[in-house]
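Asker: Below is entry.cif; it holds mmCIF, C-alpha atoms.
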data_upload
#
loop_
_atom_site.label_atom_id
_atom_site.label_comp_id
_atom_site.auth_asym_id
_atom_site.auth_seq_id
_atom_site.Cartn_x
_atom_site.Cartn_y
_atom_site.Cartn_z
CA ILE K 1 -13.51 22.69 40.95
CA VAL K 2 -16.00 20.53 42.85
CA THR K 3 -14.87 18.13 45.57
CA ARG K 4 -16.19 16.54 48.74
CA ASP K 5 -12.76 16.74 50.34
CA THR K 6 -11.60 20.35 50.53
CA SER K 7 -8.56 19.27 52.56
CA SER K 8 -7.24 17.17 49.68
CA MET K 9 -3.74 18.15 48.52
CA LYS K 10 -4.76 17.50 44.91
CA TYR K 11 -7.69 19.88 45.29
CA PHE K 12 -5.39 22.45 46.87
CA ALA K 13 -2.83 22.11 44.07
CA LEU K 14 -5.44 22.51 41.32
CA SER K 15 -7.00 25.47 43.12
CA LEU K 16 -3.60 27.13 43.34
CA LEU K 17 -2.93 26.55 39.64
CA ARG K 18 -6.39 27.92 38.80
CA ASP K 19 -5.69 31.08 40.80
CA VAL K 20 -2.32 31.61 39.13
CA MET K 21 -3.94 31.18 35.70
CA ALA K 22 -6.60 33.74 36.64
CA PHE K 23 -3.84 36.17 37.64
CA HIS K 24 -2.23 35.90 34.19
CA LEU K 25 -5.44 35.62 32.20
CA HIS K 26 -5.26 39.11 30.71
CA ASP K 27 -1.49 39.34 30.18
CA LYS K 28 -0.52 40.73 26.78
CA ASP K 29 2.19 38.09 26.52
CA PRO K 30 0.63 34.64 27.08
CA GLU K 31 3.92 32.98 28.07
CA ALA K 32 3.25 32.88 31.82
CA LEU K 33 -0.35 31.75 31.32
CA VAL K 34 0.66 28.93 28.99
CA ASP K 35 3.46 27.87 31.33
CA VAL K 36 1.00 27.46 34.20
CA ASP K 37 -1.60 25.79 31.98
CA LEU K 38 0.96 23.20 30.87
CA LYS K 39 1.73 22.47 34.50
CA ARG K 40 -1.99 22.15 35.23
CA LEU K 41 -2.60 19.75 32.35
CA ALA K 42 0.42 17.64 33.28
CA TYR K 43 -0.73 17.48 36.91
CA VAL K 44 -4.26 16.42 35.93
CA LYS K 45 -2.89 13.73 33.61
CA ALA K 46 -0.53 12.40 36.29
CA ASN K 47 -3.39 12.04 38.76
CA HIS K 48 -6.15 10.97 36.38
CA ILE K 49 -7.28 7.35 36.67
CA SER K 50 -9.23 7.09 33.42
CA THR K 51 -7.89 4.88 30.63
CA LEU K 52 -8.64 7.81 28.31
CA LYS K 53 -6.35 10.23 30.09
CA ASP K 54 -3.75 10.29 27.28
CA THR K 55 -6.46 11.02 24.70
CA LEU K 56 -7.94 13.78 26.84
CA TYR K 57 -4.50 15.24 27.53
CA LEU K 58 -3.62 15.25 23.83
CA ARG K 59 -6.91 16.94 22.95
CA ALA K 60 -6.31 19.63 25.57
CA LEU K 61 -2.80 20.25 24.22
CA GLU K 62 -4.12 20.58 20.69
CA GLN K 63 -6.72 23.13 21.80
CA LEU K 64 -4.13 25.13 23.75
CA GLU K 65 -1.73 25.07 20.81
CA GLN K 66 -4.39 26.47 18.50
CA LYS K 67 -5.14 29.32 20.90
CA VAL K 68 -1.53 30.51 21.18
CA GLY K 69 -0.16 29.37 17.82
CA ALA K 70 0.93 32.90 16.91
CA HIS K 71 3.30 33.08 19.89
CA ALA K 72 6.67 31.42 20.44
CA ILE K 73 5.45 29.80 23.66
CA SER K 74 3.20 27.62 21.50
CA THR K 75 6.23 25.51 20.58
CA ARG K 76 6.42 24.26 24.16
CA VAL K 77 2.88 22.98 23.75
CA THR K 78 3.87 21.44 20.43
CA TYR K 79 6.77 19.68 22.12
CA GLN K 80 4.51 18.20 24.79
CA ARG K 81 2.15 16.96 22.09
CA ALA K 82 4.99 15.40 20.10
CA TYR K 83 6.53 13.84 23.21
CA LEU K 84 3.25 12.23 24.22
CA ILE K 85 2.80 10.73 20.76
CA SER K 86 6.41 9.50 20.73
CA THR K 87 5.88 7.51 23.93
CA SER K 88 3.04 5.41 22.50
CA ALA K 89 3.67 1.68 22.89
CA TYR K 90 4.14 0.01 19.51
CA LYS K 91 3.78 -3.78 19.66
CA PRO K 92 4.64 -5.09 16.18
CA LEU K 93 3.72 -8.70 16.93
CA VAL K 94 0.31 -7.66 18.22
CA SER K 95 -0.95 -4.95 15.87
CA GLU K 96 0.07 -2.07 13.63
CA ASP K 97 -1.31 0.48 16.11
CA HIS K 98 1.15 3.31 16.83
CA LYS K 99 3.58 2.07 14.18
CA TRP K 100 3.94 5.52 12.65
CA ASP K 101 3.74 7.53 15.87
CA LEU K 102 7.47 8.29 16.01
CA LYS K 103 7.39 9.60 12.45
CA LYS K 104 4.33 11.68 13.30
CA ALA K 105 6.06 13.07 16.40
CA PHE K 106 9.13 13.92 14.29
CA ALA K 107 6.98 15.87 11.83
CA ILE K 108 5.20 17.72 14.65
CA CYS K 109 8.60 18.75 16.03
CA GLU K 110 9.62 19.99 12.61
CA SER K 111 6.54 22.23 12.46
CA ALA K 112 7.55 23.86 15.76
CA LYS K 113 11.07 24.54 14.48
CA GLN K 114 9.69 26.12 11.32
CA ARG K 115 7.36 28.43 13.27
CA PHE K 116 9.85 29.72 15.88
CA LYS K 117 13.23 28.10 15.27
CA ASP K 118 15.04 29.72 18.23
CA SER K 119 12.30 29.24 20.82
CA ASP K 120 12.65 27.01 23.88
CA GLY K 121 10.04 24.63 22.52
CA ALA K 122 11.84 24.36 19.19
CA ILE K 123 15.04 23.42 21.00
CA GLN K 124 13.12 20.78 22.98
CA CYS K 125 11.69 19.51 19.71
CA GLU K 126 15.12 19.27 18.13
CA ASN K 127 16.36 17.22 21.09
CA LEU K 128 13.35 14.94 20.76
CA GLN K 129 14.07 14.49 17.06
CA GLU K 130 17.63 13.46 17.90
CA ASP K 131 16.25 10.88 20.34
CA ILE K 132 13.88 9.55 17.68
CA LEU K 133 16.77 9.20 15.21
CA THR K 134 19.04 7.47 17.73
CA LYS K 135 20.52 4.26 16.36
CA SER K 136 20.57 1.04 18.36
CA LEU K 137 21.67 -2.48 17.57
CA ASN K 138 21.65 -5.63 19.66
CA ALA K 139 22.28 -9.21 18.61
CA GLU K 140 21.47 -12.45 20.42
CA ILE K 141 23.26 -15.70 19.60
CA GLU K 142 23.02 -19.00 21.42
CA GLU K 143 26.18 -19.62 23.43
CA THR K 144 26.62 -23.11 21.98
CA ASN K 145 25.93 -24.09 18.37
CA VAL K 146 26.47 -27.30 16.40
CA PRO K 147 29.83 -27.28 14.52
CA GLY K 148 29.53 -27.50 10.75
CA GLN K 149 25.97 -26.21 10.68
CA VAL K 150 24.58 -22.77 10.01
CA PHE K 151 23.32 -21.01 13.12
CA ARG K 152 20.85 -18.25 13.88
CA CYS K 153 21.26 -14.75 15.23
CA LEU K 154 18.38 -12.57 16.43
CA VAL K 155 19.03 -8.91 15.64
CA HIS K 156 17.16 -6.03 17.27
CA TYR K 157 17.80 -2.76 15.47
CA LYS K 158 16.58 0.81 15.21
CA ASN K 159 17.40 3.24 12.39
CA PHE K 160 19.85 0.88 10.69
CA THR K 161 19.59 -0.32 7.09
CA ALA K 162 22.54 -2.73 6.98
CA LEU K 163 24.51 -4.98 9.29
CA HIS K 164 28.15 -5.88 8.64
CA TYR K 165 29.68 -8.66 10.68
CA ARG K 166 32.91 -10.60 11.08
CA ILE K 167 33.60 -13.76 13.03
CA VAL K 168 37.02 -14.24 14.62
CA LYS K 169 38.45 -17.29 16.31
CA THR K 170 39.25 -16.80 19.99
CA SER K 171 39.21 -18.53 23.36
CA ARG K 172 37.80 -17.86 26.80
CA GLU K 173 41.31 -17.34 28.10
CA GLU K 174 42.07 -14.74 25.43
CA ILE K 175 38.86 -12.87 26.20
CA ARG K 176 39.55 -12.89 29.94
CA ALA K 177 43.10 -11.68 29.34
CA GLN K 178 41.91 -8.72 27.29
CA ARG K 179 39.26 -7.82 29.86
CA LYS K 180 41.83 -7.95 32.64
CA LYS K 181 44.33 -5.90 30.64
CA TRP K 182 42.04 -2.87 30.52
CA GLU K 183 39.90 -3.30 33.63
CA ARG K 184 41.92 -0.85 35.76
CA ASP K 185 42.76 1.68 33.05
CA TYR K 186 40.27 4.50 33.54
CA ASN K 187 41.96 6.84 31.08
CA VAL K 188 40.71 5.02 27.98
CA ASP K 189 37.47 3.64 26.64
CA ARG K 190 37.99 0.09 27.90
CA GLU K 191 35.26 -1.44 25.76
CA GLN K 192 36.67 0.25 22.67
CA LYS K 193 40.18 -1.04 23.43
CA PHE K 194 38.79 -4.51 24.00
CA LEU K 195 37.02 -4.50 20.63
CA GLU K 196 39.98 -2.97 18.79
CA TYR K 197 42.11 -5.95 19.75
CA PHE K 198 39.70 -8.45 18.21
CA LEU K 199 38.98 -6.31 15.17
CA THR K 200 42.64 -6.60 14.16
CA LYS K 201 42.43 -10.38 14.05
CA ALA K 202 41.94 -12.12 10.70
CA PRO K 203 38.26 -13.07 10.37
CA GLN K 204 37.07 -16.61 9.77
CA LYS K 205 33.89 -15.31 8.15
CA THR K 206 32.56 -11.91 7.07
CA GLY K 207 29.23 -10.85 5.69
CA LYS K 208 26.52 -8.24 5.34
CA PHE K 209 22.77 -8.24 5.82
CA LEU K 210 20.35 -5.64 4.52
CA LEU K 211 17.88 -4.75 7.25
CA PRO K 212 14.27 -3.94 6.30
CA ASP K 213 13.56 -0.27 6.98
CA ASP K 214 10.27 1.41 6.14
CA GLY K 215 11.19 4.69 7.79
CA ASP K 216 9.00 4.43 10.88
CA TYR K 217 11.92 5.05 13.31
CA GLN K 218 10.74 2.11 15.42
CA GLN K 219 12.80 -0.77 16.77
CA HIS K 220 12.51 -3.95 14.71
CA SER K 221 13.77 -7.51 14.99
CA ILE K 222 14.93 -9.97 12.37
CA GLU K 223 16.50 -13.42 12.51
CA VAL K 224 19.53 -13.90 10.26
CA LYS K 225 21.55 -16.96 9.32
CA LEU K 226 25.30 -17.13 9.93
CA ASP K 227 27.57 -19.50 8.04
CA ALA K 228 28.68 -22.81 9.52
CA LEU K 229 31.95 -22.92 11.45
CA PRO K 230 34.25 -25.77 12.48
CA GLU K 231 34.47 -26.73 16.14
CA GLY K 232 36.01 -24.00 18.29
CA GLU K 233 35.33 -20.79 20.12
CA TYR K 234 34.47 -17.64 18.19
CA MET K 235 33.44 -14.02 18.63
CA VAL K 236 30.96 -12.29 16.32
CA LEU K 237 31.71 -8.60 15.78
#
Show me the file's structure as structure tokens.
Answerer:
Amino acid sequence: IVTRDTSSMKYFALSLLRDVMAFHLHDKDPEALVDVDLKRLAYVKANHISTLKDTLYLRALEQLEQKVGAHAISTRVTYQRAYLISTSAYKPLVSEDHKWDLKKAFAICESAKQRFKDSDGAIQCENLQEDILTKSLNAEIEETNVPGQVFRCLVHYKNFTALHYRIVKTSREEIRAQRKKWERDYNVDREQKFLEYFLTKAPQKTGKFLLPDDGDYQQHSIEVKLDALPEGEYMVL
């Protein structure tokens, strides 16, 4: 390690990690060595200012994984590689770059589980897979729409293939009353109780939309059309 500032805390930290790695260099079991090396790589990445730091970090992880692939500790390296790939920023309206990164990360996790299914890294990989498969759904509707005309709804979704909806007639007073009814009851799921009340009401409209899903595990958005309603106040569930 070459530096002009030997009093630098970053220099001191890297020197310490280097010395610990040297201490474990000839261990028969590489677990301690790999553990320290992962800490070293993570520290360098966190303090690196290059725009290529993620690429360099990923390359270093791949090289380390190849060296210790026959040992269970290698799955921790695999997890770090999969996690890094899973955090890539996919911008669907800009380009297709990173579109399939979550699927790639999922497959990398699966390889770790197949190699050493009960290892710490395999457990980390399984948790990451669960995160990747997490479902999410959010809908945005303009607060005021023209009576008698169809209106739009912007749906953001992840890992869903269909959307079922129902529209019930309500009022601001009814909504406030239901919120107030459960606001001080901490022994129940207040949001669930709130929704259960409106789900029992007879719907004015119901419908279903099929959501495009190409299996990339990414979040997507689509604008759907809801049927026209007469003048009044409504809730979309």
Asker: Exactly which residues make up the result of the PyMOL selection byres ((chain K and resi 183-198) around 10) on this file, given as a ChimeraX atom specification?
Answerer: /K:167-170,174-175,177-182,199-203,235-237
Asker: Interatomic distance between atom CA of K:Ala89 and atom CA of K:Asp120?
Answerer: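 Taking atom CA of K:Ala89 as the start and atom CA of K:Asp120 as the end point, the length is 26.9 Å.
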Asker: Looking at K:Thr134, K:Leu52, K:Arg81, K:Ser74, which one is nearest to K:Asp101, with distances taken over only C-alpha atoms?
Answerer: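 For K:Asp101, the nearest of the candidates is K:Arg81.
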Asker: On this file, the PyMOL selection byres ((chain K and resi 68) around 12) gives some set of residues; write that set as a PDB file with C-alpha atoms, in the coordinates of the input.
Answerer:
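Resulting contents of selection_6.pdb:
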ATOM      1  CA  LYS K  28      -0.520  40.730  26.780  1.00  0.00           C
ATOM      2  CA  ASP K  29       2.190  38.090  26.520  1.00  0.00           C
ATOM      3  CA  PRO K  30       0.630  34.640  27.080  1.00  0.00           C
ATOM      4  CA  GLU K  31       3.920  32.980  28.070  1.00  0.00           C
ATOM      5  CA  ALA K  32       3.250  32.880  31.820  1.00  0.00           C
ATOM      6  CA  LEU K  33      -0.350  31.750  31.320  1.00  0.00           C
ATOM      7  CA  VAL K  34       0.660  28.930  28.990  1.00  0.00           C
ATOM      8  CA  ASP K  35       3.460  27.870  31.330  1.00  0.00           C
ATOM      9  CA  ASP K  37      -1.600  25.790  31.980  1.00  0.00           C
ATOM     10  CA  LEU K  61      -2.800  20.250  24.220  1.00  0.00           C
ATOM     11  CA  GLU K  62      -4.120  20.580  20.690  1.00  0.00           C
ATOM     12  CA  GLN K  63      -6.720  23.130  21.800  1.00  0.00           C
ATOM     13  CA  LEU K  64      -4.130  25.130  23.750  1.00  0.00           C
ATOM     14  CA  GLU K  65      -1.730  25.070  20.810  1.00  0.00           C
ATOM     15  CA  GLN K  66      -4.390  26.470  18.500  1.00  0.00           C
ATOM     16  CA  LYS K  67      -5.140  29.320  20.900  1.00  0.00           C
ATOM     17  CA  GLY K  69      -0.160  29.370  17.820  1.00  0.00           C
ATOM     18  CA  ALA K  70       0.930  32.900  16.910  1.00  0.00           C
ATOM     19  CA  HIS K  71       3.300  33.080  19.890  1.00  0.00           C
ATOM     20  CA  ALA K  72       6.670  31.420  20.440  1.00  0.00           C
ATOM     21  CA  ILE K  73       5.450  29.800  23.660  1.00  0.00           C
ATOM     22  CA  SER K  74       3.200  27.620  21.500  1.00  0.00           C
ATOM     23  CA  THR K  75       6.230  25.510  20.580  1.00  0.00           C
ATOM     24  CA  ARG K  76       6.420  24.260  24.160  1.00  0.00           C
ATOM     25  CA  VAL K  77       2.880  22.980  23.750  1.00  0.00           C
ATOM     26  CA  THR K  78       3.870  21.440  20.430  1.00  0.00           C
TER      27      THR K  78
END
Asker: Evaluate the PyMOL selection byres ((chain K and resi 218) around 12) on the structure here and hand back the selected residues as a PyMOL selection string.
Answerer: chain K and resi 86-92+96+98-106+131-136+156-160+212-217+219-221
Asker: One number please: atom CA of K:Tyr57 to atom CA of K:Phe12, in Å, one decimal.
Answerer: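 Atom-to-atom, atom CA of K:Tyr57 to atom CA of K:Phe12, that is 20.7 Å.
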Asker: May I ask for the distance between atom CA of K:Gln114 and atom CA of K:Ile85, given in Å to one decimal place?
Answerer: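 About the pair atom CA of K:Gln114 and atom CA of K:Ile85: they are 19.3 Å apart.
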Asker: Do a neighbour search on K:Glu142 at 8 Å with all atoms listed in the file, toss out local chain neighbours closer than 3 positions, and write the hits as a VMD selection string.
Answerer: chain K and resid 145 152 to 153
Asker: When you count only C-alpha atoms, which of these residues is closest to K:Val150: K:Lys53, K:Lys45, K:Lys225, K:Lys10?
Answerer: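 Checking each candidate against K:Val150, we get K:Lys225 as the closest.
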Asker: Which is closest to K:Ser119 among K:Leu154, K:Gln149, K:Asp227, K:Tyr79, if we use all atoms listed in the file?
Answerer: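 Going through K:Leu154, K:Gln149, K:Asp227, K:Tyr79 one by one, the smallest distance to K:Ser119 is for K:Tyr79.
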Asker: Is it possible to get the residues within 9 Å of (33.9, -27.0, 12.4) (coordinates as in the file, counting all atoms listed in the file) written as a list in words?
Answerer: Val146, Pro147, Gly148, Gln149, Ala228, Leu229, Pro230, Glu231 and Gly232 of chain K
Asker: Looking at all atoms listed in the file, which of K:Ile108, K:Asp27, K:Ser8, K:Glu140 is the one that sits closest to K:Tyr83?
Answerer: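 Residue with the minimum atom-to-atom distance to K:Tyr83: K:Ile108.
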Asker: Identify which of the residues K:Ala46, K:Met9, K:Ala112, K:Ala139 lies closest to K:Gln124, counting only C-alpha atoms when measuring atom-to-atom distances.
Answerer: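 Ranked by minimum distance to K:Gln124, first place goes to K:Ala112.
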Asker: I want to know what sits within 9 Å of K:Lys113, based on all atoms listed in the file, with residues of the same chain fewer than 6 positions away left out; could you give that as number ranges by chain?
Answerer: K: 75, 119, 121-123, 125-126
